[in-house]
file final.cif (mmCIF, N, CA and C atoms)
data_input
#
loop_
_atom_site.label_atom_id
_atom_site.label_comp_id
_atom_site.auth_asym_id
_atom_site.auth_seq_id
_atom_site.Cartn_x
_atom_site.Cartn_y
_atom_site.Cartn_z
N MET L 268 18.82 4.36 -25.61
CA MET L 268 17.57 3.67 -25.84
C MET L 268 17.29 2.64 -24.74
N GLU L 269 18.34 1.93 -24.33
CA GLU L 269 18.18 0.91 -23.27
C GLU L 269 17.73 1.55 -21.97
N THR L 270 18.31 2.72 -21.63
CA THR L 270 17.93 3.42 -20.42
C THR L 270 16.46 3.84 -20.48
N PHE L 271 16.01 4.29 -21.64
CA PHE L 271 14.62 4.68 -21.81
C PHE L 271 13.68 3.51 -21.54
N LYS L 272 14.01 2.33 -22.07
CA LYS L 272 13.18 1.14 -21.85
C LYS L 272 13.16 0.76 -20.37
N ARG L 273 14.33 0.82 -19.73
CA ARG L 273 14.42 0.47 -18.31
C ARG L 273 13.60 1.47 -17.48
N ASN L 274 13.68 2.74 -17.83
CA ASN L 274 12.91 3.76 -17.12
C ASN L 274 11.42 3.52 -17.28
N ASN L 275 10.98 3.21 -18.50
CA ASN L 275 9.57 2.90 -18.72
C ASN L 275 9.13 1.71 -17.90
N LYS L 276 9.97 0.69 -17.81
CA LYS L 276 9.64 -0.51 -17.03
C LYS L 276 9.51 -0.18 -15.54
N ALA L 277 10.38 0.70 -15.04
CA ALA L 277 10.32 1.08 -13.63
C ALA L 277 9.01 1.79 -13.33
N TYR L 278 8.64 2.76 -14.16
CA TYR L 278 7.38 3.48 -13.96
C TYR L 278 6.18 2.55 -14.12
N PHE L 279 6.20 1.71 -15.15
CA PHE L 279 5.07 0.82 -15.37
C PHE L 279 4.96 -0.21 -14.25
N GLY L 280 6.09 -0.79 -13.84
CA GLY L 280 6.07 -1.77 -12.75
C GLY L 280 5.56 -1.17 -11.46
N LEU L 281 6.01 0.04 -11.16
CA LEU L 281 5.54 0.73 -9.95
C LEU L 281 4.05 1.02 -10.05
N GLY L 282 3.61 1.51 -11.20
CA GLY L 282 2.19 1.81 -11.38
C GLY L 282 1.32 0.57 -11.23
N ALA L 283 1.77 -0.53 -11.82
CA ALA L 283 1.01 -1.79 -11.72
C ALA L 283 0.95 -2.27 -10.27
N LEU L 284 2.07 -2.18 -9.57
CA LEU L 284 2.12 -2.58 -8.16
C LEU L 284 1.18 -1.71 -7.33
N GLN L 285 1.22 -0.40 -7.55
CA GLN L 285 0.36 0.50 -6.79
C GLN L 285 -1.11 0.26 -7.11
N ALA L 286 -1.42 -0.05 -8.37
CA ALA L 286 -2.81 -0.35 -8.73
C ALA L 286 -3.28 -1.61 -8.00
N LEU L 287 -2.43 -2.62 -7.95
CA LEU L 287 -2.77 -3.87 -7.25
C LEU L 287 -2.99 -3.61 -5.76
N ILE L 288 -2.07 -2.92 -5.13
CA ILE L 288 -2.20 -2.60 -3.70
C ILE L 288 -3.45 -1.75 -3.47
N GLY L 289 -3.65 -0.75 -4.30
CA GLY L 289 -4.79 0.15 -4.15
C GLY L 289 -6.12 -0.55 -4.27
N LEU L 290 -6.26 -1.40 -5.29
CA LEU L 290 -7.53 -2.12 -5.47
C LEU L 290 -7.82 -3.05 -4.30
N GLY L 291 -6.80 -3.76 -3.85
CA GLY L 291 -6.99 -4.64 -2.69
C GLY L 291 -7.37 -3.88 -1.43
N ALA L 292 -6.71 -2.74 -1.23
CA ALA L 292 -6.98 -1.94 -0.03
C ALA L 292 -8.35 -1.27 -0.10
N ILE L 293 -8.76 -0.83 -1.27
CA ILE L 293 -10.09 -0.23 -1.40
C ILE L 293 -11.15 -1.30 -1.13
N GLY L 294 -10.98 -2.48 -1.70
CA GLY L 294 -11.94 -3.56 -1.48
C GLY L 294 -12.02 -3.98 -0.03
N GLY L 295 -10.87 -4.24 0.58
CA GLY L 295 -10.85 -4.64 1.99
C GLY L 295 -11.34 -3.54 2.91
N GLY L 296 -10.90 -2.32 2.66
CA GLY L 296 -11.32 -1.20 3.49
C GLY L 296 -12.80 -0.94 3.40
N LEU L 297 -13.34 -1.01 2.19
CA LEU L 297 -14.78 -0.79 2.00
C LEU L 297 -15.59 -1.84 2.76
N LEU L 298 -15.16 -3.09 2.69
CA LEU L 298 -15.88 -4.15 3.42
C LEU L 298 -15.82 -3.93 4.93
N LEU L 299 -14.71 -3.41 5.43
CA LEU L 299 -14.60 -3.13 6.86
C LEU L 299 -15.43 -1.91 7.27
N VAL L 300 -15.58 -0.95 6.36
CA VAL L 300 -16.41 0.22 6.65
C VAL L 300 -17.89 -0.18 6.66
N VAL L 301 -18.28 -0.99 5.68
CA VAL L 301 -19.67 -1.44 5.59
C VAL L 301 -20.03 -2.36 6.75
N ASP L 302 -19.09 -3.23 7.13
CA ASP L 302 -19.32 -4.15 8.24
C ASP L 302 -18.15 -4.07 9.21
N PRO L 303 -18.15 -3.10 10.13
CA PRO L 303 -17.03 -2.90 11.05
C PRO L 303 -16.76 -4.07 11.99
N SER L 304 -17.68 -5.03 12.05
CA SER L 304 -17.41 -6.20 12.90
C SER L 304 -16.34 -7.08 12.30
N GLY L 305 -16.12 -6.97 10.99
CA GLY L 305 -15.11 -7.79 10.31
C GLY L 305 -15.62 -9.13 9.85
N SER L 306 -16.86 -9.48 10.22
CA SER L 306 -17.38 -10.82 9.90
C SER L 306 -17.52 -11.06 8.40
N THR L 307 -17.79 -10.01 7.62
CA THR L 307 -17.89 -10.18 6.16
C THR L 307 -16.59 -10.69 5.57
N LEU L 308 -15.48 -10.23 6.15
CA LEU L 308 -14.16 -10.69 5.69
C LEU L 308 -13.68 -11.92 6.45
N GLY L 309 -14.47 -12.37 7.42
CA GLY L 309 -14.05 -13.52 8.22
C GLY L 309 -12.97 -13.17 9.24
N VAL L 310 -12.94 -11.90 9.63
CA VAL L 310 -11.95 -11.43 10.60
C VAL L 310 -12.63 -11.28 11.95
N PRO L 311 -12.21 -12.05 12.94
CA PRO L 311 -12.87 -11.95 14.25
C PRO L 311 -12.54 -10.63 14.95
N SER L 312 -13.55 -10.01 15.54
CA SER L 312 -13.33 -8.75 16.25
C SER L 312 -12.45 -8.94 17.49
N SER L 313 -12.28 -10.18 17.91
CA SER L 313 -11.41 -10.45 19.06
C SER L 313 -9.96 -10.07 18.77
N LEU L 314 -9.60 -9.93 17.51
CA LEU L 314 -8.25 -9.50 17.16
C LEU L 314 -7.95 -8.09 17.67
N LEU L 315 -8.99 -7.32 17.89
CA LEU L 315 -8.80 -5.93 18.34
C LEU L 315 -8.77 -5.79 19.86
N GLU L 316 -8.95 -6.89 20.58
CA GLU L 316 -8.91 -6.82 22.04
C GLU L 316 -7.58 -6.26 22.50
N GLY L 317 -7.64 -5.28 23.38
CA GLY L 317 -6.44 -4.65 23.89
C GLY L 317 -5.96 -3.49 23.02
N SER L 318 -6.63 -3.24 21.90
CA SER L 318 -6.25 -2.12 21.04
C SER L 318 -7.14 -0.91 21.36
N ILE L 319 -6.89 0.18 20.70
CA ILE L 319 -7.70 1.39 20.90
C ILE L 319 -8.97 1.37 20.06
N PHE L 320 -9.14 0.34 19.25
CA PHE L 320 -10.27 0.30 18.32
C PHE L 320 -11.36 -0.64 18.83
N PRO L 321 -12.61 -0.15 18.93
CA PRO L 321 -13.72 -1.00 19.36
C PRO L 321 -14.18 -1.93 18.24
N ASN L 322 -13.90 -1.55 17.00
CA ASN L 322 -14.26 -2.35 15.83
C ASN L 322 -13.31 -1.98 14.69
N PHE L 323 -13.59 -2.47 13.49
CA PHE L 323 -12.70 -2.26 12.35
C PHE L 323 -13.04 -1.02 11.51
N LEU L 324 -13.92 -0.14 12.00
CA LEU L 324 -14.31 1.03 11.21
C LEU L 324 -13.12 1.96 10.91
N ILE L 325 -12.41 2.39 11.91
CA ILE L 325 -11.28 3.31 11.71
C ILE L 325 -10.17 2.64 10.90
N PRO L 326 -9.76 1.41 11.24
CA PRO L 326 -8.76 0.75 10.39
C PRO L 326 -9.25 0.58 8.94
N GLY L 327 -10.55 0.32 8.76
CA GLY L 327 -11.11 0.18 7.42
C GLY L 327 -11.05 1.48 6.64
N ILE L 328 -11.36 2.59 7.31
CA ILE L 328 -11.29 3.90 6.65
C ILE L 328 -9.85 4.20 6.24
N PHE L 329 -8.91 3.96 7.16
CA PHE L 329 -7.50 4.21 6.86
C PHE L 329 -7.05 3.33 5.70
N LEU L 330 -7.40 2.06 5.76
CA LEU L 330 -7.02 1.13 4.70
C LEU L 330 -7.55 1.60 3.35
N MET L 331 -8.82 1.98 3.31
CA MET L 331 -9.45 2.38 2.06
C MET L 331 -8.87 3.71 1.55
N VAL L 332 -8.77 4.70 2.44
CA VAL L 332 -8.37 6.05 2.00
C VAL L 332 -6.87 6.14 1.74
N VAL L 333 -6.07 5.76 2.73
CA VAL L 333 -4.62 5.96 2.61
C VAL L 333 -3.99 4.91 1.70
N ASN L 334 -4.15 3.64 2.06
CA ASN L 334 -3.53 2.59 1.25
C ASN L 334 -4.26 2.37 -0.07
N GLY L 335 -5.58 2.54 -0.08
CA GLY L 335 -6.37 2.31 -1.28
C GLY L 335 -6.32 3.47 -2.25
N PHE L 336 -6.97 4.58 -1.88
CA PHE L 336 -7.00 5.74 -2.78
C PHE L 336 -5.61 6.33 -2.96
N GLY L 337 -4.79 6.29 -1.90
CA GLY L 337 -3.42 6.79 -2.01
C GLY L 337 -2.63 6.06 -3.09
N ASN L 338 -2.72 4.73 -3.09
CA ASN L 338 -2.02 3.96 -4.11
C ASN L 338 -2.67 4.10 -5.48
N GLY L 339 -3.97 4.34 -5.51
CA GLY L 339 -4.62 4.62 -6.78
C GLY L 339 -4.08 5.90 -7.40
N ILE L 340 -3.93 6.92 -6.59
CA ILE L 340 -3.35 8.18 -7.05
C ILE L 340 -1.89 7.96 -7.44
N GLY L 341 -1.18 7.19 -6.60
CA GLY L 341 0.21 6.86 -6.91
C GLY L 341 0.35 6.15 -8.25
N ALA L 342 -0.56 5.23 -8.54
CA ALA L 342 -0.53 4.51 -9.82
C ALA L 342 -0.73 5.48 -10.98
N ALA L 343 -1.68 6.38 -10.85
CA ALA L 343 -1.93 7.37 -11.91
C ALA L 343 -0.68 8.23 -12.13
N LEU L 344 -0.03 8.63 -11.04
CA LEU L 344 1.20 9.43 -11.17
C LEU L 344 2.31 8.62 -11.82
N SER L 345 2.41 7.35 -11.47
CA SER L 345 3.45 6.50 -12.03
C SER L 345 3.23 6.27 -13.52
N PHE L 346 1.99 5.98 -13.90
CA PHE L 346 1.71 5.72 -15.31
C PHE L 346 1.91 6.96 -16.17
N THR L 347 1.76 8.14 -15.58
CA THR L 347 1.96 9.39 -16.33
C THR L 347 3.38 9.94 -16.14
N LYS L 348 4.20 9.24 -15.39
CA LYS L 348 5.60 9.62 -15.14
C LYS L 348 5.70 11.02 -14.55
N SER L 349 4.85 11.28 -13.58
CA SER L 349 4.82 12.58 -12.91
C SER L 349 6.12 12.81 -12.15
N GLN L 350 6.45 14.06 -11.96
CA GLN L 350 7.62 14.41 -11.17
C GLN L 350 7.46 14.02 -9.70
N TYR L 351 6.23 13.75 -9.29
CA TYR L 351 5.95 13.38 -7.89
C TYR L 351 5.95 11.87 -7.66
N THR L 352 6.13 11.10 -8.71
CA THR L 352 6.03 9.65 -8.63
C THR L 352 6.91 9.07 -7.53
N GLN L 353 8.19 9.39 -7.56
CA GLN L 353 9.12 8.75 -6.62
C GLN L 353 8.83 9.14 -5.18
N GLY L 354 8.52 10.40 -4.93
CA GLY L 354 8.23 10.83 -3.56
C GLY L 354 6.99 10.15 -3.00
N ILE L 355 5.94 10.09 -3.81
CA ILE L 355 4.70 9.43 -3.38
C ILE L 355 4.94 7.94 -3.15
N ALA L 356 5.71 7.30 -4.03
CA ALA L 356 6.00 5.87 -3.88
C ALA L 356 6.77 5.59 -2.60
N ILE L 357 7.73 6.44 -2.29
CA ILE L 357 8.51 6.25 -1.05
C ILE L 357 7.60 6.40 0.17
N ILE L 358 6.78 7.43 0.17
CA ILE L 358 5.87 7.65 1.29
C ILE L 358 4.88 6.50 1.43
N LEU L 359 4.26 6.09 0.32
CA LEU L 359 3.27 5.00 0.38
C LEU L 359 3.91 3.68 0.76
N GLY L 360 5.14 3.43 0.30
CA GLY L 360 5.84 2.20 0.69
C GLY L 360 6.10 2.15 2.18
N VAL L 361 6.56 3.27 2.73
CA VAL L 361 6.80 3.35 4.18
C VAL L 361 5.49 3.16 4.94
N ILE L 362 4.43 3.82 4.49
CA ILE L 362 3.13 3.70 5.16
C ILE L 362 2.65 2.25 5.14
N LEU L 363 2.79 1.57 4.01
CA LEU L 363 2.33 0.18 3.93
C LEU L 363 3.14 -0.72 4.85
N VAL L 364 4.45 -0.56 4.88
CA VAL L 364 5.29 -1.36 5.77
C VAL L 364 4.91 -1.10 7.22
N LEU L 365 4.77 0.17 7.59
CA LEU L 365 4.38 0.50 8.97
C LEU L 365 2.98 -0.02 9.30
N TRP L 366 2.05 0.07 8.34
CA TRP L 366 0.69 -0.45 8.52
C TRP L 366 0.75 -1.92 8.91
N ILE L 367 1.55 -2.69 8.19
CA ILE L 367 1.65 -4.13 8.45
C ILE L 367 2.30 -4.38 9.81
N VAL L 368 3.39 -3.70 10.09
CA VAL L 368 4.09 -3.90 11.37
C VAL L 368 3.17 -3.55 12.54
N ILE L 369 2.49 -2.42 12.47
CA ILE L 369 1.58 -2.00 13.55
C ILE L 369 0.42 -2.99 13.67
N GLN L 370 -0.10 -3.43 12.54
CA GLN L 370 -1.20 -4.39 12.57
C GLN L 370 -0.79 -5.69 13.26
N VAL L 371 0.39 -6.19 12.93
CA VAL L 371 0.88 -7.43 13.54
C VAL L 371 1.08 -7.24 15.05
N ILE L 372 1.58 -6.07 15.45
CA ILE L 372 1.77 -5.78 16.87
C ILE L 372 0.42 -5.75 17.59
N ILE L 373 -0.57 -5.08 16.99
CA ILE L 373 -1.88 -4.94 17.63
C ILE L 373 -2.58 -6.29 17.76
N ILE L 374 -2.58 -7.08 16.69
CA ILE L 374 -3.33 -8.34 16.74
C ILE L 374 -2.51 -9.50 17.29
N ARG L 375 -1.22 -9.25 17.50
CA ARG L 375 -0.33 -10.27 18.07
C ARG L 375 -0.37 -11.59 17.29
N SER L 376 -0.41 -11.44 15.98
CA SER L 376 -0.47 -12.61 15.10
C SER L 376 0.03 -12.18 13.73
N ILE L 377 0.49 -13.16 12.96
CA ILE L 377 0.95 -12.84 11.61
C ILE L 377 0.41 -13.90 10.65
N GLY L 378 -0.10 -13.43 9.53
CA GLY L 378 -0.64 -14.33 8.52
C GLY L 378 0.10 -14.16 7.20
N TRP L 379 -0.20 -15.00 6.25
CA TRP L 379 0.50 -14.95 4.97
C TRP L 379 0.27 -13.63 4.23
N LEU L 380 -0.91 -13.02 4.38
CA LEU L 380 -1.16 -11.73 3.73
C LEU L 380 -0.29 -10.62 4.31
N HIS L 381 0.02 -10.72 5.60
CA HIS L 381 0.92 -9.74 6.20
C HIS L 381 2.28 -9.80 5.51
N GLY L 382 2.77 -11.01 5.32
CA GLY L 382 4.07 -11.18 4.66
C GLY L 382 4.06 -10.65 3.24
N ILE L 383 3.00 -10.95 2.50
CA ILE L 383 2.91 -10.50 1.11
C ILE L 383 2.87 -8.97 1.04
N TYR L 384 2.02 -8.35 1.84
CA TYR L 384 1.90 -6.89 1.77
C TYR L 384 3.11 -6.18 2.36
N PHE L 385 3.79 -6.80 3.31
CA PHE L 385 5.05 -6.25 3.81
C PHE L 385 6.07 -6.20 2.68
N VAL L 386 6.20 -7.30 1.95
CA VAL L 386 7.14 -7.36 0.83
C VAL L 386 6.73 -6.38 -0.27
N LEU L 387 5.42 -6.28 -0.57
CA LEU L 387 4.96 -5.32 -1.57
C LEU L 387 5.30 -3.88 -1.16
N GLY L 388 5.19 -3.59 0.13
CA GLY L 388 5.55 -2.26 0.62
C GLY L 388 7.04 -1.98 0.45
N ILE L 389 7.87 -2.99 0.71
CA ILE L 389 9.32 -2.85 0.53
C ILE L 389 9.63 -2.63 -0.96
N ILE L 390 8.96 -3.37 -1.83
CA ILE L 390 9.18 -3.22 -3.28
C ILE L 390 8.75 -1.82 -3.74
N GLU L 391 7.60 -1.36 -3.25
CA GLU L 391 7.13 -0.02 -3.62
C GLU L 391 8.13 1.04 -3.17
N LEU L 392 8.61 0.92 -1.94
CA LEU L 392 9.62 1.83 -1.41
C LEU L 392 10.88 1.78 -2.26
N TRP L 393 11.35 0.59 -2.58
CA TRP L 393 12.57 0.42 -3.37
C TRP L 393 12.41 1.03 -4.77
N LEU L 394 11.26 0.79 -5.41
CA LEU L 394 11.05 1.36 -6.74
C LEU L 394 11.03 2.89 -6.70
N GLY L 395 10.44 3.46 -5.65
CA GLY L 395 10.47 4.91 -5.50
C GLY L 395 11.89 5.43 -5.38
N ILE L 396 12.70 4.75 -4.57
CA ILE L 396 14.10 5.14 -4.41
C ILE L 396 14.86 4.94 -5.72
N TYR L 397 14.61 3.83 -6.40
CA TYR L 397 15.27 3.54 -7.69
C TYR L 397 14.96 4.65 -8.70
N ILE L 398 13.70 5.02 -8.82
CA ILE L 398 13.32 6.07 -9.78
C ILE L 398 13.97 7.39 -9.40
N ARG L 399 13.99 7.69 -8.11
CA ARG L 399 14.61 8.95 -7.66
C ARG L 399 16.10 8.98 -7.99
N ARG L 400 16.79 7.87 -7.76
CA ARG L 400 18.25 7.85 -7.95
C ARG L 400 18.69 7.67 -9.39
N HIS L 401 17.98 6.82 -10.13
CA HIS L 401 18.45 6.45 -11.46
C HIS L 401 17.70 7.10 -12.60
N VAL L 402 16.42 7.27 -12.44
CA VAL L 402 15.61 7.76 -13.56
C VAL L 402 15.58 9.29 -13.57
N VAL L 403 15.27 9.87 -12.43
CA VAL L 403 15.14 11.33 -12.37
C VAL L 403 16.49 12.00 -12.61
N LYS L 404 17.56 11.47 -12.05
CA LYS L 404 18.89 12.07 -12.26
C LYS L 404 19.36 11.90 -13.69
N ALA L 405 18.91 10.84 -14.37
CA ALA L 405 19.32 10.61 -15.75
C ALA L 405 18.60 11.56 -16.71
N ALA L 406 17.48 12.11 -16.26
CA ALA L 406 16.68 12.98 -17.14
C ALA L 406 17.28 14.36 -17.29
#
call {"tool": "encode", "arguments": {"input": "final.cif", "output": "structure tokens"}}
result
Amino acid sequence: METFKRNNKAYFGLGALQALIGLGAIGGGLLLVVDPSGSTLGVPSSLLEGSIFPNFLIPGIFLMVVNGFGNGIGAALSFTKSQYTQGIAIILGVILVLWIVIQVIIIRSIGWLHGIYFVLGIIELWLGIYIRRHVVKAA
């Protein structure tokens, strides 16, 4: 019975985390798609100097689709305890961590949101690995 409760908590915690990441990414990505200059979010376009991006349109699309909708799908899989939950969580966690690292390299600056989302990506990755090792094998 205790294992069942712990397993439910792992799936629910992962789903809640993915929903949080997904909603934030959809909101931020949508604002960058609507206003690729970044001014709506208070992000200066000068951050992209020296990068391959002329504006925030492509990063906004990636943020919205991959981190946003991807984590939304991941949350749905987690809440339904799909057999794909752990694999998707591992992939999305790695993508989020890499997204933050690449972003910090491109803009040559780090802010508090970078730290928060980096940690959230590590937690998502860890929960995916935890479910794969402890929950799926126990089933």
call {"tool": "resolve_selection", "arguments": {"input": "final.cif", "expression": "the PyMOL selection byres ((chain L and resi 359-367) around 8)", "output": "ChimeraX atom specification"}}
result
/L:333-334,337-338,353-358,368-373,380-382,384-393,395
call {"tool": "residues_near_point", "arguments": {"input": "final.cif", "point": "(-5.2, 4.2, -2.7)", "cutoff": "12 Å", "atoms": "only C-alpha atoms", "output": "ChimeraX atom specification"}}
result
/L:282,284-297,328-344,355-356,359-360,362-363
call {"tool": "atom_distance", "arguments": {"input": "final.cif", "atom1": "atom N of Arg375 of chain L", "atom2": "atom N of Val300 of chain L"}}
result
20.0 Å
call {"tool": "closest_residue", "arguments": {"input": "final.cif", "among": "L:Thr307, L:Ser313, L:Thr352, L:Asn275", "to": "Leu394 of chain L", "atoms": "all atoms listed in the file"}}
result
L:Thr352
call {"tool": "atom_distance", "arguments": {"input": "final.cif", "atom1": "atom CA of Ser306 of chain L", "atom2": "atom N of Phe323 of chain L"}}
result
9.8 Å
call {"tool": "atom_distance", "arguments": {"input": "final.cif", "atom1": "atom CA of Leu324 of chain L", "atom2": "atom N of Val301 of chain L"}}
result
7.1 Å
call {"tool": "axis_aligned_box", "arguments": {"input": "final.cif", "around": "segment 368-375 of chain L", "padding_each_side": "4 Å", "output": "JSON"}}
result
{"center_x": 0.4, "center_y": -6.8, "center_z": 14.1, "size_x": 15.4, "size_y": 17.6, "size_z": 16.0}
call {"tool": "closest_residue", "arguments": {"input": "final.cif", "among": "L:Phe320, L:Leu315, L:Ala283, L:Pro326", "to": "Leu299 of chain L", "atoms": "only N, CA and C atoms"}}
result
L:Pro326
call {"tool": "select_by_dssp", "arguments": {"input": "final.cif", "residues": "segment 273-402 of chain L", "states": "alpha helix (DSSP H)", "output": "PyMOL selection string"}}
result
chain L and resi 273-301+324-329+337-346+352-374+379-397
call {"tool": "closest_residue", "arguments": {"input": "final.cif", "among": "L:Ser304, L:Ser345, L:Ser376, L:Gln350", "to": "Pro321 of chain L", "atoms": "only C-alpha atoms"}}
result
L:Ser304
call {"tool": "closest_residue", "arguments": {"input": "final.cif", "among": "L:Gly309, L:Glu316, L:Arg399, L:Ile325", "to": "Tyr351 of chain L", "atoms": "only C-alpha atoms"}}
result
L:Arg399
